[in-house]
>>> print(open('upload-v5.csv').read())   # CSV, C-alpha atoms and all ligand atoms
chain,number,residue,atom,x,y,z
A,1,MET,CA,116.3,93.4,94.1
A,2,CYS,CA,112.7,94.5,94.0
A,3,LEU,CA,111.6,96.0,90.8
A,4,GLU,CA,108.6,97.7,92.2
A,5,CYS,CA,109.8,99.7,95.2
A,6,GLY,CA,113.5,99.4,94.9
A,7,CYS,CA,113.8,98.5,98.5
A,8,GLY,CA,116.4,95.7,98.1
A,9,LYS,CA,120.0,95.4,96.9
A,10,SER,CA,121.4,92.0,96.1
A,11,VAL,CA,119.5,89.3,98.0
A,12,LEU,CA,120.9,86.8,100.4
A,13,PHE,CA,118.3,84.2,101.4
A,14,GLY,CA,118.1,81.1,103.4
A,15,VAL,CA,116.1,77.9,103.2
A,16,ARG,CA,115.1,76.0,106.4
A,17,VAL,CA,113.4,72.7,105.9
A,18,LEU,CA,110.9,71.3,108.3
A,19,SER,CA,110.3,67.7,107.2
A,20,VAL,CA,109.7,64.5,109.1
A,21,ILE,CA,111.9,62.7,106.5
A,22,ALA,CA,114.9,65.0,106.6
A,23,PRO,CA,114.7,67.5,109.5
A,24,GLY,CA,117.5,69.9,109.8
A,25,LEU,CA,118.9,73.2,108.7
A,26,LEU,CA,120.3,73.9,105.2
A,27,ARG,CA,123.0,76.5,105.3
A,28,PRO,CA,121.9,79.7,103.6
A,29,ARG,CA,123.4,80.0,100.2
A,30,PRO,CA,124.3,83.3,98.6
A,31,ALA,CA,122.2,84.3,95.7
A,32,ALA,CA,123.7,83.8,92.3
A,33,PRO,CA,125.8,86.8,91.2
A,34,SER,CA,123.5,89.5,90.0
A,35,GLU,CA,123.4,90.2,86.3
A,36,VAL,CA,122.4,93.7,86.8
A,37,THR,CA,125.6,95.4,86.2
A,38,VAL,CA,124.7,98.2,83.8
A,39,VAL,CA,127.5,99.7,81.8
A,40,THR,CA,125.7,101.9,79.4
A,41,PRO,CA,126.2,105.6,80.1
A,42,GLU,CA,122.5,106.3,79.6
A,43,PRO,CA,120.3,108.4,81.8
A,44,PRO,CA,118.8,106.6,84.9
A,45,ALA,CA,115.4,106.2,83.4
A,46,ARG,CA,116.7,104.2,80.4
A,47,ARG,CA,118.9,102.1,82.6
A,48,THR,CA,116.0,101.2,84.9
A,49,ILE,CA,114.1,99.8,82.0
A,50,GLU,CA,117.0,97.6,81.0
A,51,VAL,CA,117.5,96.3,84.5
A,52,HIS,CA,113.8,95.4,84.8
A,53,THR,CA,113.8,93.5,81.5
A,54,SER,CA,116.9,91.6,82.5
A,55,LEU,CA,115.8,90.7,85.9
A,56,LEU,CA,112.3,89.7,84.9
A,57,ALA,CA,113.6,87.6,82.0
A,58,LYS,CA,115.8,85.8,84.5
A,59,ASN,CA,112.9,85.3,86.8
A,60,ASP,CA,110.7,84.0,84.0
A,61,ASP,CA,113.3,81.4,83.0
A,62,ALA,CA,113.4,80.1,86.6
A,63,ALA,CA,109.6,80.2,86.7
A,64,ALA,CA,109.4,78.1,83.6
A,65,ARG,CA,111.8,75.5,85.2
A,66,ASN,CA,109.6,75.5,88.3
A,67,ARG,CA,106.5,75.0,86.1
A,68,ALA,CA,108.1,72.0,84.4
A,69,LEU,CA,109.2,70.5,87.8
A,70,PHE,CA,105.6,70.9,89.1
A,71,ALA,CA,104.2,69.3,86.0
A,72,ARG,CA,106.6,66.3,86.3
A,73,HIS,CA,105.4,65.8,89.8
A,74,ARG,CA,101.8,66.2,88.6
A,75,LEU,CA,101.0,68.5,91.5
A,76,LEU,CA,98.9,71.6,91.8
A,77,SER,CA,100.9,74.7,92.8
A,78,LEU,CA,99.4,77.8,94.3
A,79,ASN,CA,101.0,81.1,95.2
A,80,LEU,CA,99.3,82.8,98.1
A,81,VAL,CA,99.7,86.6,98.2
A,82,SER,CA,98.3,89.2,100.6
A,83,SER,CA,99.1,92.1,102.8
A,84,PRO,CA,100.8,91.1,106.1
A,85,GLY,CA,98.5,89.3,108.5
A,86,ALA,CA,95.6,88.6,106.1
A,87,GLY,CA,95.5,85.0,107.3
A,88,LYS,CA,97.7,83.0,104.9
A,89,THR,CA,99.4,80.8,107.5
A,90,THR,CA,96.2,80.3,109.5
A,91,LEU,CA,94.4,79.2,106.3
A,92,LEU,CA,97.2,76.8,105.4
A,93,SER,CA,97.4,75.3,108.9
A,94,ARG,CA,93.8,74.4,108.8
A,95,THR,CA,94.0,73.3,105.2
A,96,VAL,CA,96.8,70.7,105.9
A,97,ASP,CA,94.8,69.5,108.9
A,98,GLU,CA,91.6,68.9,106.9
A,99,PHE,CA,92.2,68.7,103.1
A,100,GLY,CA,95.8,67.5,103.7
A,101,LEU,CA,94.6,64.3,105.3
A,102,THR,CA,93.4,63.0,102.0
A,103,HIS,CA,95.7,64.9,99.6
A,104,LYS,CA,99.4,65.1,100.4
A,105,CYS,CA,100.5,68.7,100.7
A,106,ALA,CA,103.8,70.5,100.9
A,107,VAL,CA,104.5,74.1,101.7
A,108,VAL,CA,107.2,76.7,100.8
A,109,VAL,CA,106.8,79.8,102.9
A,110,GLY,CA,108.6,83.1,102.6
A,111,ASP,CA,109.3,85.7,105.2
A,112,LEU,CA,112.0,88.3,105.7
A,113,GLU,CA,113.0,86.8,109.0
A,114,THR,CA,112.0,83.9,111.4
A,115,ASP,CA,110.7,80.4,110.7
A,116,ASN,CA,107.6,81.0,112.7
A,117,ASP,CA,105.2,80.3,109.9
A,118,ALA,CA,106.9,77.1,108.8
A,119,ARG,CA,106.7,75.9,112.4
A,120,ARG,CA,103.0,76.8,112.5
A,121,ILE,CA,102.2,74.8,109.3
A,122,HIS,CA,104.5,71.9,109.8
A,123,ARG,CA,103.0,68.5,110.6
A,124,PRO,CA,104.5,65.0,110.4
A,125,HIS,CA,102.6,64.5,107.1
A,126,VAL,CA,103.5,67.9,105.7
A,127,PRO,CA,107.0,68.8,104.5
A,128,VAL,CA,107.6,72.6,104.8
A,129,ALA,CA,110.5,74.8,103.7
A,130,GLN,CA,110.9,78.3,105.1
A,131,ILE,CA,112.7,80.8,102.9
A,132,THR,CA,114.1,83.8,104.7
A,133,THR,CA,114.5,86.5,102.2
A,134,GLY,CA,116.5,89.0,104.3
A,135,THR,CA,115.6,92.3,102.7
A,136,ALA,CA,113.5,91.1,99.8
A,137,CYS,CA,109.8,91.9,100.1
A,138,HIS,CA,108.6,89.1,97.8
A,139,LEU,CA,109.6,85.6,96.7
A,140,ASP,CA,111.1,85.1,93.3
A,141,ALA,CA,111.2,82.0,91.2
A,142,GLU,CA,114.8,81.1,92.1
A,143,MET,CA,114.0,81.1,95.8
A,144,VAL,CA,111.0,78.9,95.3
A,145,ALA,CA,113.2,76.5,93.2
A,146,ARG,CA,115.6,76.2,96.1
A,147,GLY,CA,112.8,75.7,98.6
A,148,ALA,CA,111.1,73.1,96.4
A,149,ALA,CA,114.4,71.3,95.8
A,150,SER,CA,114.8,70.9,99.5
A,151,LEU,CA,111.5,69.0,99.9
A,152,ASP,CA,110.7,65.4,99.1
A,153,LEU,CA,107.8,66.0,96.6
A,154,THR,CA,107.1,62.3,96.1
A,155,ASP,CA,103.3,61.8,96.1
A,156,VAL,CA,102.7,65.5,96.9
A,157,ARG,CA,99.5,66.6,95.2
A,158,VAL,CA,99.4,70.2,96.2
A,159,LEU,CA,102.3,72.6,96.8
A,160,PHE,CA,101.3,75.8,98.5
A,161,ILE,CA,103.7,78.8,98.3
A,162,GLU,CA,103.0,81.4,101.0
A,163,ASN,CA,104.5,84.6,99.7
A,164,VAL,CA,105.9,87.4,101.8
A,165,GLY,CA,103.1,89.6,103.1
A,166,ASN,CA,103.0,92.5,100.6
A,167,LEU,CA,100.3,93.6,98.2
A,168,VAL,CA,102.6,95.3,95.8
A,169,CYS,CA,105.9,93.7,94.8
A,170,PRO,CA,104.8,90.0,94.5
A,171,ALA,CA,102.6,90.9,91.6
A,172,ALA,CA,105.6,91.2,89.3
A,173,PHE,CA,107.1,87.8,90.0
A,174,ASP,CA,105.8,84.7,88.3
A,175,LEU,CA,106.9,81.8,90.6
A,176,GLY,CA,105.8,79.1,88.1
A,177,GLU,CA,102.6,78.5,90.0
A,178,THR,CA,99.4,77.2,88.4
A,179,VAL,CA,97.0,79.3,90.5
A,180,ARG,CA,97.6,82.7,92.1
A,181,VAL,CA,95.5,83.3,95.2
A,182,VAL,CA,95.1,86.8,96.6
A,183,LEU,CA,93.7,87.1,100.1
A,184,LEU,CA,91.8,90.2,101.3
A,185,SER,CA,90.9,90.2,104.9
A,186,ALA,CA,88.0,91.9,106.7
A,187,THR,CA,90.5,93.7,108.9
A,188,GLU,CA,92.0,95.6,105.9
A,189,GLY,CA,89.0,97.6,104.6
A,190,GLU,CA,86.9,97.2,101.5
A,191,ASP,CA,88.9,99.6,99.4
A,192,LYS,CA,92.2,97.6,99.0
A,193,PRO,CA,91.4,96.1,95.5
A,194,LEU,CA,90.9,99.7,94.3
A,195,LYS,CA,94.1,100.9,95.8
A,196,TYR,CA,96.3,97.9,94.9
A,197,PRO,CA,94.9,96.8,91.6
A,198,PRO,CA,97.9,95.0,89.9
A,199,ILE,CA,97.9,92.1,92.4
A,200,PHE,CA,94.1,91.6,92.2
A,201,LYS,CA,94.2,91.8,88.4
A,202,SER,CA,96.8,88.9,88.4
A,203,ALA,CA,94.6,86.7,90.6
A,204,HIS,CA,92.9,83.4,89.6
A,205,LEU,CA,91.2,83.3,92.9
A,206,VAL,CA,90.5,85.9,95.5
A,207,LEU,CA,89.8,84.8,99.1
A,208,LEU,CA,87.8,87.2,101.2
A,209,THR,CA,89.1,86.1,104.6
A,210,LYS,CA,88.2,86.6,108.3
A,211,ILE,CA,84.5,87.0,107.5
A,212,ASP,CA,83.7,85.9,111.0
A,213,VAL,CA,84.8,89.4,112.2
A,214,ALA,CA,83.3,91.4,109.4
A,215,GLY,CA,80.3,92.5,111.4
A,216,VAL,CA,82.3,93.6,114.4
A,217,LEU,CA,84.5,95.7,112.2
A,218,ASP,CA,81.7,97.2,110.2
A,219,PHE,CA,83.4,95.7,107.1
A,220,ASN,CA,80.9,95.9,104.3
A,221,LEU,CA,81.1,92.5,102.5
A,222,ALA,CA,78.9,93.7,99.6
A,223,THR,CA,81.2,96.7,98.9
A,224,ALA,CA,84.3,94.5,99.1
A,225,VAL,CA,82.8,92.0,96.7
A,226,GLU,CA,81.8,94.8,94.3
A,227,ASN,CA,85.4,96.2,94.4
A,228,ILE,CA,86.9,92.8,93.8
A,229,ARG,CA,84.5,92.2,90.9
A,230,ARG,CA,85.3,95.6,89.4
A,231,VAL,CA,89.1,95.2,89.6
A,232,ALA,CA,89.4,91.4,89.1
A,233,PRO,CA,86.4,90.2,87.1
A,234,GLN,CA,88.5,87.2,85.9
A,235,ALA,CA,89.0,85.8,89.4
A,236,ARG,CA,86.9,83.3,91.2
A,237,LEU,CA,85.8,84.6,94.6
A,238,ILE,CA,85.4,82.7,97.8
A,239,GLN,CA,84.5,84.1,101.2
A,240,LEU,CA,85.8,82.2,104.2
A,241,SER,CA,87.0,82.1,107.7
A,242,ALA,CA,89.8,79.8,108.7
A,243,ARG,CA,88.6,80.3,112.3
A,244,SER,CA,84.9,79.5,112.1
A,245,GLY,CA,85.3,77.1,109.1
A,246,ALA,CA,82.8,79.0,107.0
A,247,GLY,CA,83.7,78.7,103.3
A,248,MET,CA,86.5,76.2,103.8
A,249,GLU,CA,84.6,73.4,102.0
A,250,GLU,CA,84.3,75.6,98.9
A,251,TRP,CA,88.0,76.3,99.1
A,252,TYR,CA,88.8,72.6,99.3
A,253,GLN,CA,86.5,71.9,96.3
A,254,PHE,CA,88.3,74.6,94.3
A,255,LEU,CA,91.5,72.7,95.0
A,256,ARG,CA,90.0,69.3,94.2
A,257,ASP,CA,88.7,70.6,90.9
A,258,ARG,CA,92.1,71.7,89.8
A,259,LEU,CA,94.2,68.7,90.8
A,260,PRO,CA,96.1,67.4,87.8
A,261,PRO,CA,95.5,63.7,87.0
A,262,ALA,CA,97.7,61.6,89.3
B,301,LIG,N1,89.0,86.3,113.4
B,301,LIG,C1,89.9,85.7,112.5
B,301,LIG,N2,91.2,85.9,112.7
B,301,LIG,C2,92.0,85.3,111.8
B,301,LIG,C3,91.6,84.4,110.8
B,301,LIG,N3,92.6,84.0,110.0
B,301,LIG,C4,93.7,84.5,110.7
B,301,LIG,N4,93.4,85.3,111.7
B,301,LIG,C5,94.3,86.0,112.6
B,301,LIG,O1,95.0,87.0,111.9
B,301,LIG,C6,96.3,87.1,112.4
B,301,LIG,C7,97.3,86.9,111.2
B,301,LIG,O2,97.1,85.7,110.7
B,301,LIG,P1,98.3,84.9,109.9
B,301,LIG,O3,97.7,83.6,109.5
B,301,LIG,O4,99.5,84.9,110.7
B,301,LIG,O5,98.4,85.9,108.7
B,301,LIG,P2,99.5,85.8,107.5
B,301,LIG,O6,98.9,86.4,106.3
B,301,LIG,O7,100.1,84.5,107.4
B,301,LIG,O8,100.6,86.9,108.0
B,301,LIG,P3,102.1,87.2,107.4
B,301,LIG,O9,102.7,85.8,107.1
B,301,LIG,O10,102.8,87.9,108.5
B,301,LIG,O11,101.9,88.0,106.2
B,301,LIG,C8,96.4,86.0,113.5
B,301,LIG,O12,96.3,86.7,114.7
B,301,LIG,C9,95.3,85.1,113.2
B,301,LIG,O13,94.9,84.4,114.3
B,301,LIG,C10,90.1,84.3,110.6
B,301,LIG,O14,89.6,83.6,109.7
B,301,LIG,N5,89.4,84.9,111.5
B,302,MG,MG,102.1,83.9,107.4
>>> encode(input="upload-v5.csv", output="structure tokens", more="lines below")
Ligand SMILES: Nc1nc2c(ncn2[C@@H]2O[C@H](COP(=O)(O)OP(=O)(O)OP(=O)(O)O)[C@@H](O)[C@H]2O)c(=O)[nH]1
Ligand SMILES: [Mg+2]
Amino acid sequence: MCLECGCGKSVLFGVRVLSVIAPGLLRPRPAAPSEVTVVTPEPPARRTIEVHTSLLAKNDDAAARNRALFARHRLLSLNLVSSPGAGKTTLLSRTVDEFGLTHKCAVVVGDLETDNDARRIHRPHVPVAQITTGTACHLDAEMVARGAASLDLTDVRVLFIENVGNLVCPAAFDLGETVRVVLLSATEGEDKPLKYPPIFKSAHLVLLTKIDVAGVLDFNLATAVENIRRVAPQARLIQLSARSGAGMEEWYQFLRDRLPPA
């Protein structure tokens, strides 16, 4: 269930694994029974607060287990969040082709339906798990745990988690990642950090993407940078284009600098 927009009920999600070691399809498993049965005869507003607390506490427990798993494997984990179409899959496809040649990468990718993104990212050297969330407009920590468990993480140095395209709901869900990356593309307009501040405030890194088309779209890079700086002064900012390759080396250096000791 989504805490932010209330768009989901109980969530049934599936995990599809694309891996050269163990190709095949895992049967979708039903989500654990919800613990959100509220019996107190309180007014709706009070009940909502209790549900939120319970669900987020459960997610935080799963996120802590993920964090411990990632630490045991000594891998860097990143949660990539953006509005739909900001360029997450394109960025990851290029990243595994370049950075992934010297640093073993794995990917968990979430979408409501289809395994299109997993197929776009999958390479013989890159295990990928696709989570289909059904109605949920974000990944939660339990989904990521199931996705990660389906992959062979031996020797993996970087685990990328591509979240469902959404600038609102993923902000509330810790997945156990080390680095939260928020993408803002030139096709969206400079004002999005001002209109969707929570996700930008939670970012360690903001990627300003598709800068190759900024000029054509009259996208004002300086204004976008100013808006990001105002809302997310804590975040590192990199401008890049996964199409032209501009800024990609800076992105790879960011990853290298944060690799845990092997
Ligand atoms: N010009 C340009 N187009 C890009 C760039 N990166 C991605 N695109 C295009 O933007 C569109 C969406 O890219 P995706 O990588 O699928 O975006 P996404 O964030 O993964 O989308 P969802 O998973 O649906 O949220 C595609 O048509 C890409 O070719 C870029 O750097 N420059
Ligand atoms: Mg995608």
>>> closest_residue(input="upload-v5.csv", among="A:Ile131, A:Ala136, A:Leu91, A:Ala222", to="Lys210 in chain A", atoms="all atoms listed in the file")
A:Leu91
>>> residues_around(input="upload-v5.csv", residues="Ala242 in chain A", least_positions_apart="6", cutoff="9 Å", atoms="only C-alpha atoms", output="list in words")
Gly87, Thr90, Leu91, Leu92, Ser93, Arg94, Thr95, Thr209, Lys210, Asp212 and Met248 of chain A
>>> atom_distance(input="upload-v5.csv", atom1="CA of Ala246 in chain A", atom2="CA of Glu177 in chain A")
26.1 Å
>>> atom_distance(input="upload-v5.csv", atom1="CA of Val107 in chain A", atom2="CA of Val158 in chain A")
8.5 Å
>>> residues_near_ligand(input="upload-v5.csv", ligand="ligand LIG 301 (chain B)", cutoff="8 Å", atoms="only C-alpha atoms and all ligand atoms", output="ChimeraX atom specification")
/A:82-92,110-111,117,162-166,209-213,240-245
>>> closest_residue(input="upload-v5.csv", among="A:Leu18, A:Ala145, A:Leu75, A:Leu208", to="Ala262 in chain A", atoms="all atoms listed in the file")
A:Leu75
>>> closest_residue(input="upload-v5.csv", among="A:Ala172, A:Phe200, A:Arg67, A:Gln239", to="Trp251 in chain A", atoms="all atoms listed in the file")
A:Gln239
>>> axis_aligned_box(input="upload-v5.csv", around="range 149-163 of chain A", padding_each_side="3 Å", output="AutoDock Vina command-line options")
--center_x 107.1 --center_y 73.2 --center_z 98.1 --size_x 21.4 --size_y 28.8 --size_z 11.8
>>> closest_residue(input="upload-v5.csv", among="A:Ala141, A:Val182, A:Val96, A:Ala171", to="Arg120 in chain A", atoms="only C-alpha atoms")
A:Val96
>>> closest_residue(input="upload-v5.csv", among="A:Leu101, A:Cys137, A:Leu80, A:Ala203", to="ligand MG 302 (chain B)", atoms="all atoms listed in the file")
A:Leu80
>>> residues_around(input="upload-v5.csv", residues="Arg123 in chain A", least_positions_apart="2", cutoff="10 Å", atoms="all atoms listed in the file", output="list in words")
Leu18, Ser19, Val20, Ser93, Val96, Asp97, Ala106, Ala118, Arg119, Arg120, Ile121, His125, Val126, Pro127 and Val128 of chain A
>>> atom_distance(input="upload-v5.csv", atom1="CA of Thr178 in chain A", atom2="CA of Arg256 in chain A")
13.6 Å
>>> closest_residue(input="upload-v5.csv", among="A:Glu113, A:Asp152, A:Glu98, A:Glu142", to="ligand MG 302 (chain B)", atoms="all atoms listed in the file")
A:Glu113
>>> residues_around(input="upload-v5.csv", residues="Arg180 in chain A", least_positions_apart="6", cutoff="6 Å", atoms="all atoms listed in the file", output="PyMOL selection string")
chain A and resi 78-79+203-204
>>> residues_near_point(input="upload-v5.csv", point="(88.2, 95.9, 91.8)", cutoff="12 Å", atoms="all atoms listed in the file", output="PyMOL selection string")
chain A and resi 184+190-203+206+223-235+237
